[in-house]
file query_13.cif (mmCIF, C-alpha atoms)
data_structure
loop_
_atom_site.label_atom_id
_atom_site.label_comp_id
_atom_site.auth_asym_id
_atom_site.auth_seq_id
_atom_site.Cartn_x
_atom_site.Cartn_y
_atom_site.Cartn_z
CA MET N 137 70.28 -5.26 215.48
CA HIS N 138 70.93 -7.37 218.59
CA THR N 139 70.79 -5.36 221.80
CA LEU N 140 73.51 -6.34 224.22
CA LYS N 141 72.21 -7.43 227.62
CA ALA N 142 73.81 -6.69 230.97
CA LEU N 143 72.68 -8.26 234.22
CA ILE N 144 73.79 -6.67 237.48
CA LEU N 145 73.71 -8.97 240.52
CA ASN N 146 73.86 -6.87 243.66
CA GLY N 147 75.07 -9.01 246.57
CA SER N 148 74.56 -6.40 249.30
CA LEU N 149 73.49 -7.75 252.64
CA LYS N 150 70.29 -6.42 254.18
CA ASN N 151 70.60 -2.80 255.38
CA GLN N 152 73.69 -2.16 253.25
CA SER N 153 73.46 0.63 250.68
CA GLN N 154 77.07 1.34 249.80
CA LEU N 155 76.80 -0.46 246.44
CA GLU N 156 73.87 1.64 245.24
CA PRO N 157 75.96 4.43 243.63
CA VAL N 158 77.98 1.82 241.73
CA GLN N 159 74.85 0.03 240.57
CA GLU N 160 73.22 3.31 239.47
CA THR N 161 76.30 4.42 237.57
CA LEU N 162 76.56 1.07 235.81
CA GLU N 163 72.90 1.28 234.79
CA VAL N 164 73.21 4.83 233.45
CA GLU N 165 76.48 4.30 231.62
CA LEU N 166 75.56 0.96 230.08
CA ARG N 167 72.14 2.18 228.96
CA GLY N 168 73.85 5.23 227.48
CA GLY N 169 76.08 2.83 225.59
CA GLY N 170 73.07 1.07 224.08
CA TRP N 171 72.85 -1.87 226.47
CA SER N 172 69.68 -3.36 227.87
CA VAL N 173 70.30 -3.48 231.63
CA GLU N 174 68.57 -5.38 234.41
CA SER N 175 69.59 -5.14 238.05
CA VAL N 176 68.75 -7.61 240.76
CA LEU N 177 69.08 -7.00 244.49
CA LEU N 178 69.67 -10.58 245.48
CA HIS N 179 68.63 -10.42 249.12
CA GLU N 180 65.16 -9.24 248.09
CA LEU N 181 64.55 -12.40 246.07
CA ASN N 182 63.77 -15.92 247.17
CA ILE N 183 67.05 -17.69 246.48
CA ARG N 184 67.90 -20.92 248.25
CA SER N 185 71.37 -22.33 248.54
CA CYS N 186 72.66 -25.18 246.37
CA THR N 187 72.35 -28.54 248.11
CA GLY N 188 75.04 -30.26 246.03
CA CYS N 189 72.56 -32.85 244.72
CA PHE N 190 74.03 -32.67 241.16
CA ARG N 191 70.60 -33.18 239.56
CA CYS N 192 71.57 -30.32 237.20
CA TRP N 193 74.40 -32.57 236.02
CA HIS N 194 73.02 -36.10 235.96
CA THR N 195 69.22 -36.02 236.01
CA THR N 196 68.11 -32.88 234.14
CA PRO N 197 71.41 -31.72 232.63
CA GLY N 198 71.62 -27.93 232.60
CA ILE N 199 68.50 -27.36 234.73
CA CYS N 200 68.37 -27.22 238.53
CA THR N 201 65.52 -29.46 239.61
CA GLY N 202 66.86 -30.11 243.10
CA ILE N 203 65.27 -26.82 244.21
CA ASN N 204 62.00 -25.98 242.49
CA ASP N 205 60.41 -23.13 244.32
CA ASP N 206 62.74 -20.15 244.16
CA ASP N 207 63.97 -17.42 241.79
CA ALA N 208 67.48 -18.72 241.10
CA GLU N 209 66.79 -20.65 237.91
CA GLU N 210 65.25 -17.61 236.19
CA ILE N 211 68.37 -15.61 237.04
CA THR N 212 70.60 -18.41 235.80
CA LYS N 213 68.77 -18.35 232.44
CA LYS N 214 69.32 -14.61 232.23
CA VAL N 215 73.01 -15.00 233.07
CA ILE N 216 73.74 -17.31 230.17
CA ASN N 217 71.74 -15.12 227.80
CA SER N 218 73.57 -11.91 228.77
CA GLU N 219 76.72 -10.48 227.25
CA LEU N 220 77.85 -8.95 230.55
CA VAL N 221 77.18 -10.02 234.12
CA VAL N 222 78.26 -7.72 236.94
CA PHE N 223 78.89 -9.05 240.42
CA LEU N 224 78.54 -6.34 243.08
CA THR N 225 79.58 -7.31 246.57
CA PRO N 226 80.80 -5.97 249.86
CA LEU N 227 84.36 -7.29 250.09
CA THR N 228 84.07 -10.22 252.50
CA PHE N 229 87.43 -11.47 253.81
CA GLY N 230 88.74 -10.94 250.26
CA GLY N 231 85.82 -12.75 248.61
CA TYR N 232 82.14 -12.50 247.80
CA SER N 233 79.31 -11.78 250.23
CA SER N 234 77.06 -14.67 251.25
CA GLU N 235 74.18 -13.26 249.16
CA LEU N 236 76.27 -13.21 245.99
CA LYS N 237 77.90 -16.55 246.74
CA LYS N 238 74.52 -18.20 247.20
CA MET N 239 73.54 -17.13 243.68
CA ILE N 240 76.86 -18.03 242.06
CA GLU N 241 76.60 -21.59 243.40
CA ARG N 242 73.34 -21.98 241.52
CA PHE N 243 75.21 -21.48 238.21
CA LEU N 244 76.52 -25.05 238.49
CA GLY N 245 74.28 -26.34 235.70
CA LEU N 246 75.78 -23.82 233.27
CA LEU N 247 78.78 -26.12 233.14
CA GLN N 248 79.02 -29.81 232.36
CA PRO N 249 80.11 -32.31 235.00
CA GLY N 250 82.82 -33.68 232.74
CA THR N 251 86.28 -32.22 232.96
CA ALA N 252 89.29 -31.40 230.82
CA LEU N 253 92.90 -30.71 231.65
CA ILE N 254 93.65 -27.07 230.88
CA ASN N 255 97.26 -25.99 231.42
CA GLY N 256 97.73 -28.98 233.71
CA GLU N 257 94.68 -28.22 235.85
CA THR N 258 91.32 -29.94 235.84
CA HIS N 259 88.31 -27.78 234.98
CA HIS N 260 84.70 -28.51 234.10
CA LEU N 261 83.58 -28.45 230.48
CA LYS N 262 81.52 -25.72 228.82
CA ARG N 263 77.83 -26.43 228.36
CA TYR N 264 77.24 -23.42 226.11
CA GLU N 265 79.08 -21.95 223.13
CA ARG N 266 79.35 -18.54 224.69
CA TYR N 267 79.39 -17.17 228.21
CA PRO N 268 78.98 -13.59 229.43
CA SER N 269 81.87 -11.34 230.30
CA ILE N 270 82.21 -10.87 234.04
CA LEU N 271 82.88 -7.63 235.89
CA ALA N 272 83.24 -8.10 239.65
CA ILE N 273 83.29 -4.99 241.82
CA ALA N 274 83.78 -5.17 245.57
CA ILE N 275 83.41 -2.29 248.00
CA THR N 276 85.38 -2.02 251.21
CA GLU N 277 85.70 0.60 253.95
CA LYS N 278 89.48 0.54 253.78
CA ILE N 279 91.69 -0.90 251.05
CA ASP N 280 93.83 -3.81 252.21
CA ASP N 281 96.31 -4.90 249.54
CA GLU N 282 96.18 -8.55 250.56
CA GLU N 283 92.38 -8.67 250.28
CA VAL N 284 92.49 -6.81 246.95
CA GLN N 285 94.90 -9.39 245.57
CA LEU N 286 92.72 -12.18 246.93
CA PHE N 287 89.64 -10.78 245.20
CA LYS N 288 91.52 -10.50 241.91
CA THR N 289 92.81 -14.06 242.25
CA LEU N 290 89.27 -15.27 242.98
CA GLY N 291 88.07 -13.52 239.81
CA HIS N 292 90.87 -15.07 237.80
CA ARG N 293 90.08 -18.53 239.16
CA PHE N 294 86.39 -18.02 238.45
CA SER N 295 87.23 -17.10 234.85
CA LEU N 296 89.10 -20.40 234.41
CA ASN N 297 85.87 -22.21 235.22
CA PHE N 298 83.32 -19.92 233.56
CA PHE N 299 84.90 -19.03 230.22
CA PRO N 300 84.01 -15.30 230.08
CA PRO N 301 85.31 -13.54 226.94
CA LYS N 302 86.46 -10.72 229.23
CA HIS N 303 86.70 -10.46 232.97
CA ARG N 304 87.77 -7.78 235.37
CA GLU N 305 87.88 -7.51 239.14
CA GLU N 306 88.07 -4.23 241.03
CA VAL N 307 87.99 -3.32 244.70
CA LEU N 308 86.80 0.20 245.46
CA GLN N 309 87.01 2.04 248.74
CA ALA N 310 83.63 3.27 249.94
CA ASP N 311 84.76 6.90 250.01
CA ASP N 312 86.30 6.75 246.50
CA ASP N 313 84.76 8.66 243.63
CA LEU N 314 82.62 5.56 242.97
CA GLN N 315 80.85 6.98 239.94
CA GLY N 316 84.07 8.12 238.29
CA ARG N 317 85.85 4.87 239.03
CA THR N 318 82.93 2.83 237.70
CA ARG N 319 82.80 4.82 234.46
CA GLY N 320 86.54 4.33 234.06
CA ILE N 321 86.30 0.57 234.56
CA LEU N 322 83.60 0.20 231.91
CA ALA N 323 85.60 2.33 229.48
CA GLU N 324 88.75 0.30 230.08
CA MET N 325 86.78 -2.90 229.47
CA GLU N 326 85.61 -1.35 226.18
CA MET N 327 82.00 -1.93 227.17
CA LEU N 328 80.80 1.50 226.11
CA GLN N 329 81.67 1.40 222.42
CA MET D 184 88.56 -29.78 279.56
CA THR D 185 89.50 -28.37 276.14
CA GLY D 186 86.43 -27.91 273.98
CA ALA D 187 86.41 -28.25 270.19
CA LEU D 188 83.61 -27.28 267.83
CA ILE D 189 83.48 -28.93 264.42
CA LEU D 190 81.41 -26.98 261.89
CA VAL D 191 80.56 -29.12 258.88
CA GLY D 192 79.94 -26.75 255.98
CA SER D 193 78.93 -29.13 253.22
CA PRO D 194 75.72 -28.18 251.41
CA ARG D 195 75.02 -31.92 251.38
CA GLY D 196 74.84 -31.93 255.15
CA ARG D 197 75.38 -35.25 256.90
CA LEU D 198 75.75 -37.26 253.70
CA SER D 199 79.04 -35.76 252.63
CA SER D 200 82.79 -36.25 252.58
CA SER D 201 83.07 -33.37 255.06
CA THR D 202 80.96 -35.40 257.49
CA SER D 203 83.14 -38.50 257.02
CA ILE D 204 86.23 -36.40 257.73
CA GLY D 205 84.51 -34.76 260.71
CA ASN D 206 83.43 -38.08 262.21
CA TYR D 207 86.94 -39.47 262.03
CA LEU D 208 88.54 -36.30 263.44
CA SER D 209 85.96 -36.11 266.21
CA LYS D 210 86.91 -39.61 267.35
CA GLN D 211 90.62 -38.72 267.22
CA LEU D 212 90.03 -35.63 269.37
CA ASP D 213 87.83 -37.56 271.77
CA ASP D 214 90.56 -40.21 272.16
CA ARG D 215 92.92 -37.43 273.21
CA GLY D 216 90.58 -36.15 275.90
CA LEU D 217 88.97 -33.21 274.11
CA GLU D 218 85.28 -32.48 274.39
CA VAL D 219 83.89 -32.29 270.85
CA GLU D 220 80.65 -30.88 269.49
CA THR D 221 79.77 -31.22 265.78
CA LEU D 222 77.25 -28.98 264.03
CA TRP D 223 76.05 -29.17 260.44
CA LEU D 224 75.61 -25.67 259.03
CA ARG D 225 72.92 -26.88 256.64
CA GLU D 226 70.80 -27.70 259.71
CA VAL D 227 71.87 -24.71 261.79
CA LEU D 228 71.39 -21.71 259.50
CA PRO D 229 67.71 -22.16 258.60
CA SER D 230 66.82 -21.86 262.30
CA GLU D 231 67.32 -18.61 264.26
CA GLU D 232 67.42 -20.54 267.52
CA ARG D 233 70.03 -23.02 266.29
CA THR D 234 72.08 -20.16 264.79
CA PHE D 235 72.04 -18.36 268.14
CA GLN D 236 73.13 -21.54 269.91
CA MET D 237 75.94 -22.05 267.39
CA LEU D 238 77.22 -18.51 267.96
CA GLU D 239 77.14 -19.15 271.71
CA SER D 240 79.18 -22.32 271.19
CA VAL D 241 81.65 -20.42 269.00
CA GLY D 242 82.32 -17.99 271.84
CA ALA D 243 82.67 -20.75 274.43
CA VAL D 244 85.10 -23.24 272.89
CA ASP D 245 88.89 -23.37 272.62
CA ILE D 246 89.11 -24.76 269.10
CA ILE D 247 86.99 -24.28 265.97
CA ILE D 248 87.40 -26.63 263.04
CA VAL D 249 85.58 -25.88 259.79
CA ILE D 250 85.30 -28.83 257.42
CA ALA D 251 83.84 -27.94 254.04
CA PRO D 252 84.12 -28.55 250.32
CA LEU D 253 85.38 -26.07 247.77
CA TYR D 254 82.54 -24.46 245.82
CA ASP D 255 83.43 -22.14 242.94
CA ASP D 256 87.02 -21.72 244.15
CA CYS D 257 86.04 -20.63 247.64
CA GLN D 258 83.82 -21.33 250.65
CA PRO D 259 80.30 -22.65 250.16
CA TYR D 260 77.54 -20.15 250.91
CA LEU D 261 76.82 -21.88 254.23
CA VAL D 262 80.34 -21.18 255.44
CA THR D 263 80.50 -17.62 254.08
CA LYS D 264 77.23 -16.82 255.87
CA THR D 265 78.56 -18.34 259.08
CA MET D 266 81.78 -16.33 258.83
CA GLU D 267 79.72 -13.14 258.38
CA LEU D 268 77.61 -14.00 261.43
CA ILE D 269 80.67 -14.72 263.57
CA ALA D 270 82.34 -11.49 262.43
CA ASP D 271 79.20 -9.54 263.35
CA GLN D 272 79.80 -10.61 266.96
CA GLY D 273 82.94 -8.45 267.04
CA THR D 274 86.39 -9.53 268.15
CA LEU D 275 86.26 -12.83 270.01
CA ASN D 276 88.47 -14.61 272.50
CA ALA D 277 91.96 -14.49 270.97
CA ASP D 278 92.79 -17.86 272.46
CA ILE D 279 90.37 -19.64 270.15
CA ARG D 280 92.35 -21.73 267.68
CA PHE D 281 90.95 -22.04 264.18
CA ILE D 282 91.72 -24.65 261.54
CA PRO D 283 89.95 -25.23 258.21
CA ILE D 284 89.91 -28.55 256.38
CA VAL D 285 88.86 -28.17 252.75
CA ASN D 286 88.17 -30.92 250.24
CA CYS D 287 87.77 -30.51 246.50
CA GLY D 288 86.56 -33.07 243.98
CA LEU D 289 89.19 -31.96 241.49
CA PRO D 290 92.65 -33.32 242.20
CA GLU D 291 94.85 -30.21 242.25
CA HIS D 292 95.14 -28.83 245.75
CA GLN D 293 96.17 -25.42 244.43
CA GLN D 294 92.52 -24.99 243.51
CA ILE D 295 91.98 -24.84 247.29
CA THR D 296 95.10 -23.06 248.42
CA ALA D 297 94.88 -20.20 245.89
CA VAL D 298 91.84 -18.53 247.42
CA ALA D 299 89.83 -20.56 249.94
CA ILE D 300 92.58 -21.05 252.50
CA PRO D 301 93.67 -17.37 252.34
CA ILE D 302 90.01 -16.31 252.81
CA TYR D 303 89.81 -18.51 255.92
CA ARG D 304 93.01 -16.91 257.14
CA ARG D 305 91.64 -13.39 256.59
CA PHE D 306 88.49 -14.37 258.43
CA ALA D 307 90.49 -15.75 261.38
CA SER D 308 92.61 -12.62 261.67
CA THR D 309 89.55 -10.35 261.32
CA VAL D 310 87.65 -11.97 264.20
CA GLY D 311 90.75 -12.53 266.33
CA PHE D 312 91.08 -16.31 266.08
CA ARG D 313 94.52 -17.86 266.27
CA TRP D 314 95.46 -19.67 263.05
CA ALA D 315 96.19 -23.30 263.93
CA GLY D 316 97.03 -24.58 260.44
CA SER D 317 95.00 -25.95 257.53
CA LEU D 318 94.53 -29.04 255.40
CA ALA D 319 93.70 -28.89 251.66
CA ILE D 320 92.50 -32.21 250.22
CA GLY D 321 92.44 -32.62 246.44
CA GLY D 322 90.58 -35.51 244.78
CA GLY D 323 87.98 -35.51 247.56
CA GLU D 324 85.52 -37.59 245.51
CA ALA D 325 87.65 -40.59 246.48
CA ILE D 326 86.39 -40.19 250.05
CA GLN D 327 82.90 -41.21 248.81
CA GLY D 328 81.17 -39.43 251.67
CA ALA D 329 78.17 -38.57 249.47
CA SER D 330 77.25 -42.25 249.50
CA GLY D 331 77.49 -42.34 253.28
CA LYS D 332 80.84 -44.09 253.52
CA GLN D 333 83.08 -43.42 256.49
CA LEU D 334 86.87 -43.28 256.20
CA GLU D 335 87.05 -46.73 257.78
CA ASP D 336 84.94 -48.09 254.89
CA ILE D 337 87.26 -47.12 252.05
CA GLY D 338 90.29 -49.13 253.05
CA ASN D 339 93.83 -48.13 252.19
CA MET D 340 92.58 -45.20 250.11
CA ALA D 341 92.01 -43.29 253.35
CA ASN D 342 95.34 -44.09 254.99
CA GLU D 343 97.07 -40.80 254.26
CA LEU D 344 94.01 -38.76 255.14
CA LYS D 345 93.60 -40.61 258.43
CA GLU D 346 97.26 -39.99 259.18
CA ARG D 347 96.89 -36.24 258.52
CA LEU D 348 93.76 -36.07 260.67
CA GLY D 349 95.55 -37.90 263.46
CA GLU D 350 98.35 -35.33 263.26
CA ILE D 351 95.83 -32.49 263.39
CA ALA D 352 94.18 -34.02 266.47
CA GLU D 353 97.58 -34.41 268.13
CA SER D 354 98.51 -30.80 267.33
CA LEU D 355 95.24 -29.49 268.70
CA ALA D 356 95.50 -31.64 271.84
CA THR D 357 99.07 -30.62 272.57
CA GLY D 358 98.90 -27.01 271.40
CA ILE D 359 101.61 -27.47 268.78
CA GLN D 360 101.06 -25.51 265.56
CA TYR D 361 99.97 -27.64 262.58
CA PRO D 362 101.49 -26.55 259.25
CA ASP D 363 99.40 -25.54 256.25
CA THR D 364 99.28 -28.91 254.50
CA SER D 365 98.05 -30.21 251.15
CA MET D 366 97.37 -33.77 250.04
CA ILE D 367 95.52 -35.79 247.43
CA ALA D 368 92.91 -38.29 248.51
CA PHE D 369 93.87 -40.94 245.96
CA PRO D 370 97.17 -42.64 245.07
CA SER D 371 99.62 -40.29 243.40
CA PHE D 372 100.20 -42.55 240.38
CA PHE D 373 96.84 -41.31 239.10
CA LEU D 374 98.50 -37.93 238.66
CA ASN D 375 101.04 -38.92 236.03
CA PRO D 376 100.17 -37.44 232.62
CA ILE D 377 98.84 -40.66 231.09
CA MET D 378 96.78 -41.66 234.11
CA SER D 379 95.45 -38.09 234.44
CA LYS D 380 94.10 -38.23 230.90
CA PHE D 381 92.68 -41.70 231.51
CA THR D 382 91.01 -40.54 234.75
CA VAL D 383 89.43 -37.57 232.98
CA TRP D 384 88.17 -39.87 230.21
CA MET D 385 86.71 -42.34 232.71
CA ASN D 386 85.09 -39.54 234.71
CA ASN D 387 83.47 -38.04 231.61
CA ARG D 388 82.22 -41.42 230.48
CA SER D 389 80.71 -42.05 233.90
CA TRP D 390 78.78 -38.73 233.91
CA LYS D 391 77.53 -39.37 230.38
CA SER D 392 76.33 -42.79 231.39
CA GLN D 393 74.63 -41.51 234.58
CA ALA D 394 72.73 -38.86 232.60
CA LYS D 395 71.73 -41.35 229.92
CA LYS D 396 70.33 -43.77 232.52
CA LYS D 397 68.11 -40.98 233.83
CA GLY D 398 66.95 -40.08 230.32
CA GLY D 399 69.13 -36.98 229.94
CA VAL D 400 71.88 -35.85 227.62
CA VAL D 401 74.89 -34.78 229.62
CA ASP D 402 75.85 -31.90 227.29
CA ALA D 403 72.31 -30.54 226.76
CA ALA D 404 72.13 -26.76 226.48
CA PRO D 405 68.54 -25.99 227.55
CA TYR D 406 68.90 -22.21 227.80
CA ALA D 407 70.77 -21.57 224.55
#
call {"tool": "encode", "arguments": {"input": "query_13.cif", "output": "structure tokens"}}
result
Amino acid sequence: MHTLKALILNGSLKNQSQLEPVQETLEVELRGGGWSVESVLLHELNIRSCTGCFRCWHTTPGICTGINDDDAEEITKKVINSELVVFLTPLTFGGYSSELKKMIERFLGLLQPGTALINGETHHLKRYERYPSILAIAITEKIDDEEVQLFKTLGHRFSLNFFPPKHREEVLQADDDLQGRTRGILAEMEMLQ
Amino acid sequence: MTGALILVGSPRGRLSSSTSIGNYLSKQLDDRGLEVETLWLREVLPSEERTFQMLESVGAVDIIIVIAPLYDDCQPYLVTKTMELIADQGTLNADIRFIPIVNCGLPEHQQITAVAIPIYRRFASTVGFRWAGSLAIGGGEAIQGASGKQLEDIGNMANELKERLGEIAESLATGIQYPDTSMIAFPSFFLNPIMSKFTVWMNNRSWKSQAKKKGGVVDAAPYA
């Protein structure tokens, strides 16, 4: 029987620990649900930022060869071979942290350069038959409705370009019951069945 | 003298459409008597010393202009990192005016205005900058900055963009608020349904051909 794989990308900045309880709860709950889980604390790895060279589109399609000496390509391989990818991030002006954003930009080769019109908007083509579901969880000190809406819109826009079977975006306040909320989110996404 | 800092946030650095836009805007500001400094974040962030100098410049100028592409529906990493660094400085001089100019290869400017512009706005209000307007440019590939072309090199194609940049320079020089504005960098007839489909077809054919010339298959799935 195929074991479902989950990859947790923790985009905390250095010296931030507020995402740890969320990460730990995700690991425990998903493993309890039969998933194979791997977590990555992005700032501890050697990940360089995309240089926009497009070699992953026109020279070695699907493989980043513009940057050869870092850990990003291994993570990208794991992303496309997972059933669930979790983005954990401190809420940063309504969006992702720099650490998470740096990694997401390296997913470029998972799409084709060509485009299609989808509901009147141009989007890049799929490179793979299937993509992982995406759960994006942001933590903030104080909930701001405008930033929450922005994070959800960002997740929706990302889904238009990344083709996840399911996606969900949640903003949690740091003093919430983070473990309880995280369990609830996974249950609502029907990831624990 | 009013000082303006242009931060070019393209991961491609100097060989980018953001640079072409920045060069043109810098000249427009200079013509109106502003003192302009341009920094490329790709060159700044890898160096602690240059990062420190950039943050000093940020605190010393009257106007900050970020010019960057759209990456994954929002700011490129280089810009997000810079925004975090600026925010770490605490609340800054409230008289600093802030204006982002964002270009996207895809034609629809709502891809920019849905998230990236609001994130810039949240950033500005968080650090205490005064919002001075914004410009969202769809179809940015038409600017051809990646091949080193300047706006003056691409003829009539750049007329509207040059006009908008002139208006921005005038607004910044005179202190008049610039509206949040969207435009497309190529003629609008390309946006009718038939031409849109044709443009997509041509674009896809071009990528396929580029990959083939380099020995690749554009729709390869190496990690499947």
call {"tool": "resolve_selection", "arguments": {"input": "query_13.cif", "expression": "the PyMOL selection byres ((chain D) within 8 of (chain N))", "output": "ChimeraX atom specification"}}
result
/D:194-195,254-257,259-261,263-264,267,289-291,297-298,301-303,305-306,309,380,383,386-387,390-391,393-394,397-407
call {"tool": "residues_around", "arguments": {"input": "query_13.cif", "residues": "Glu218 in chain D", "least_positions_apart": "6", "cutoff": "9 Å", "atoms": "all atoms listed in the file", "output": "PyMOL selection string"}}
result
chain D and resi 184-188+209+212
call {"tool": "residues_around", "arguments": {"input": "query_13.cif", "residues": "Asp213 in chain D", "least_positions_apart": "2", "cutoff": "12 Å", "atoms": "all atoms listed in the file", "output": "PDB file with C-alpha atoms, keeping the file's coordinate frame"}}
result
ATOM      1  CA  MET D 184      88.560 -29.780 279.560  1.00  0.00           C
ATOM      2  CA  THR D 185      89.500 -28.370 276.140  1.00  0.00           C
ATOM      3  CA  GLY D 186      86.430 -27.910 273.980  1.00  0.00           C
ATOM      4  CA  ALA D 187      86.410 -28.250 270.190  1.00  0.00           C
ATOM      5  CA  LEU D 188      83.610 -27.280 267.830  1.00  0.00           C
ATOM      6  CA  GLY D 205      84.510 -34.760 260.710  1.00  0.00           C
ATOM      7  CA  ASN D 206      83.430 -38.080 262.210  1.00  0.00           C
ATOM      8  CA  TYR D 207      86.940 -39.470 262.030  1.00  0.00           C
ATOM      9  CA  LEU D 208      88.540 -36.300 263.440  1.00  0.00           C
ATOM     10  CA  SER D 209      85.960 -36.110 266.210  1.00  0.00           C
ATOM     11  CA  LYS D 210      86.910 -39.610 267.350  1.00  0.00           C
ATOM     12  CA  GLN D 211      90.620 -38.720 267.220  1.00  0.00           C
ATOM     13  CA  ARG D 215      92.920 -37.430 273.210  1.00  0.00           C
ATOM     14  CA  GLY D 216      90.580 -36.150 275.900  1.00  0.00           C
ATOM     15  CA  LEU D 217      88.970 -33.210 274.110  1.00  0.00           C
ATOM     16  CA  GLU D 218      85.280 -32.480 274.390  1.00  0.00           C
ATOM     17  CA  VAL D 219      83.890 -32.290 270.850  1.00  0.00           C
ATOM     18  CA  GLU D 220      80.650 -30.880 269.490  1.00  0.00           C
ATOM     19  CA  THR D 221      79.770 -31.220 265.780  1.00  0.00           C
ATOM     20  CA  GLY D 349      95.550 -37.900 263.460  1.00  0.00           C
ATOM     21  CA  ALA D 352      94.180 -34.020 266.470  1.00  0.00           C
ATOM     22  CA  GLU D 353      97.580 -34.410 268.130  1.00  0.00           C
ATOM     23  CA  LEU D 355      95.240 -29.490 268.700  1.00  0.00           C
ATOM     24  CA  ALA D 356      95.500 -31.640 271.840  1.00  0.00           C
TER      25      ALA D 356
END
call {"tool": "atom_distance", "arguments": {"input": "query_13.cif", "atom1": "CA of Pro252 in chain D", "atom2": "CA of Leu224 in chain D"}}
result
12.5 Å
call {"tool": "resolve_selection", "arguments": {"input": "query_13.cif", "expression": "the PyMOL selection byres ((chain D and resi 317-321) around 9)", "output": "PyMOL selection string"}}
result
chain D and resi 281-296+300+314-316+322-324+344+347-348+351+361-369
call {"tool": "write_last_selection", "arguments": {"input": "query_13.cif", "atoms": "C-alpha atoms", "output": "PDB file, in the frame of the given file"}}
result
ATOM      1  CA  PHE D 281      90.950 -22.040 264.180  1.00  0.00           C
ATOM      2  CA  ILE D 282      91.720 -24.650 261.540  1.00  0.00           C
ATOM      3  CA  PRO D 283      89.950 -25.230 258.210  1.00  0.00           C
ATOM      4  CA  ILE D 284      89.910 -28.550 256.380  1.00  0.00           C
ATOM      5  CA  VAL D 285      88.860 -28.170 252.750  1.00  0.00           C
ATOM      6  CA  ASN D 286      88.170 -30.920 250.240  1.00  0.00           C
ATOM      7  CA  CYS D 287      87.770 -30.510 246.500  1.00  0.00           C
ATOM      8  CA  GLY D 288      86.560 -33.070 243.980  1.00  0.00           C
ATOM      9  CA  LEU D 289      89.190 -31.960 241.490  1.00  0.00           C
ATOM     10  CA  PRO D 290      92.650 -33.320 242.200  1.00  0.00           C
ATOM     11  CA  GLU D 291      94.850 -30.210 242.250  1.00  0.00           C
ATOM     12  CA  HIS D 292      95.140 -28.830 245.750  1.00  0.00           C
ATOM     13  CA  GLN D 293      96.170 -25.420 244.430  1.00  0.00           C
ATOM     14  CA  GLN D 294      92.520 -24.990 243.510  1.00  0.00           C
ATOM     15  CA  ILE D 295      91.980 -24.840 247.290  1.00  0.00           C
ATOM     16  CA  THR D 296      95.100 -23.060 248.420  1.00  0.00           C
ATOM     17  CA  ILE D 300      92.580 -21.050 252.500  1.00  0.00           C
ATOM     18  CA  TRP D 314      95.460 -19.670 263.050  1.00  0.00           C
ATOM     19  CA  ALA D 315      96.190 -23.300 263.930  1.00  0.00           C
ATOM     20  CA  GLY D 316      97.030 -24.580 260.440  1.00  0.00           C
ATOM     21  CA  GLY D 322      90.580 -35.510 244.780  1.00  0.00           C
ATOM     22  CA  GLY D 323      87.980 -35.510 247.560  1.00  0.00           C
ATOM     23  CA  GLU D 324      85.520 -37.590 245.510  1.00  0.00           C
ATOM     24  CA  LEU D 344      94.010 -38.760 255.140  1.00  0.00           C
ATOM     25  CA  ARG D 347      96.890 -36.240 258.520  1.00  0.00           C
ATOM     26  CA  LEU D 348      93.760 -36.070 260.670  1.00  0.00           C
ATOM     27  CA  ILE D 351      95.830 -32.490 263.390  1.00  0.00           C
ATOM     28  CA  TYR D 361      99.970 -27.640 262.580  1.00  0.00           C
ATOM     29  CA  PRO D 362     101.490 -26.550 259.250  1.00  0.00           C
ATOM     30  CA  ASP D 363      99.400 -25.540 256.250  1.00  0.00           C
ATOM     31  CA  THR D 364      99.280 -28.910 254.500  1.00  0.00           C
ATOM     32  CA  SER D 365      98.050 -30.210 251.150  1.00  0.00           C
ATOM     33  CA  MET D 366      97.370 -33.770 250.040  1.00  0.00           C
ATOM     34  CA  ILE D 367      95.520 -35.790 247.430  1.00  0.00           C
ATOM     35  CA  ALA D 368      92.910 -38.290 248.510  1.00  0.00           C
ATOM     36  CA  PHE D 369      93.870 -40.940 245.960  1.00  0.00           C
TER      37      PHE D 369
END
call {"tool": "closest_residue", "arguments": {"input": "query_13.cif", "among": "N:Gly147, N:Asn182, N:Leu220, N:Gln159", "to": "Thr318 in chain N", "atoms": "only C-alpha atoms"}}
result
N:Gln159
call {"tool": "atom_distance", "arguments": {"input": "query_13.cif", "atom1": "CA of Asp214 in chain D", "atom2": "CA of Asp336 in chain D"}}
result
19.8 Å
call {"tool": "atom_distance", "arguments": {"input": "query_13.cif", "atom1": "CA of Arg167 in chain N", "atom2": "CA of Glu210 in chain N"}}
result
22.2 Å
call {"tool": "resolve_selection", "arguments": {"input": "query_13.cif", "expression": "the PyMOL selection byres ((chain N and resi 141) around 8)", "output": "list in words"}}
result
Thr139, Leu140, Ala142, Leu143, Trp171, Ser172, Val173, Glu174, Asn217, Ser218, Glu219 and Leu220 of chain N
call {"tool": "closest_residue", "arguments": {"input": "query_13.cif", "among": "N:Ser148, N:Gln329, N:Thr161, N:Thr276", "to": "Gln315 in chain N", "atoms": "only C-alpha atoms"}}
result
N:Thr161
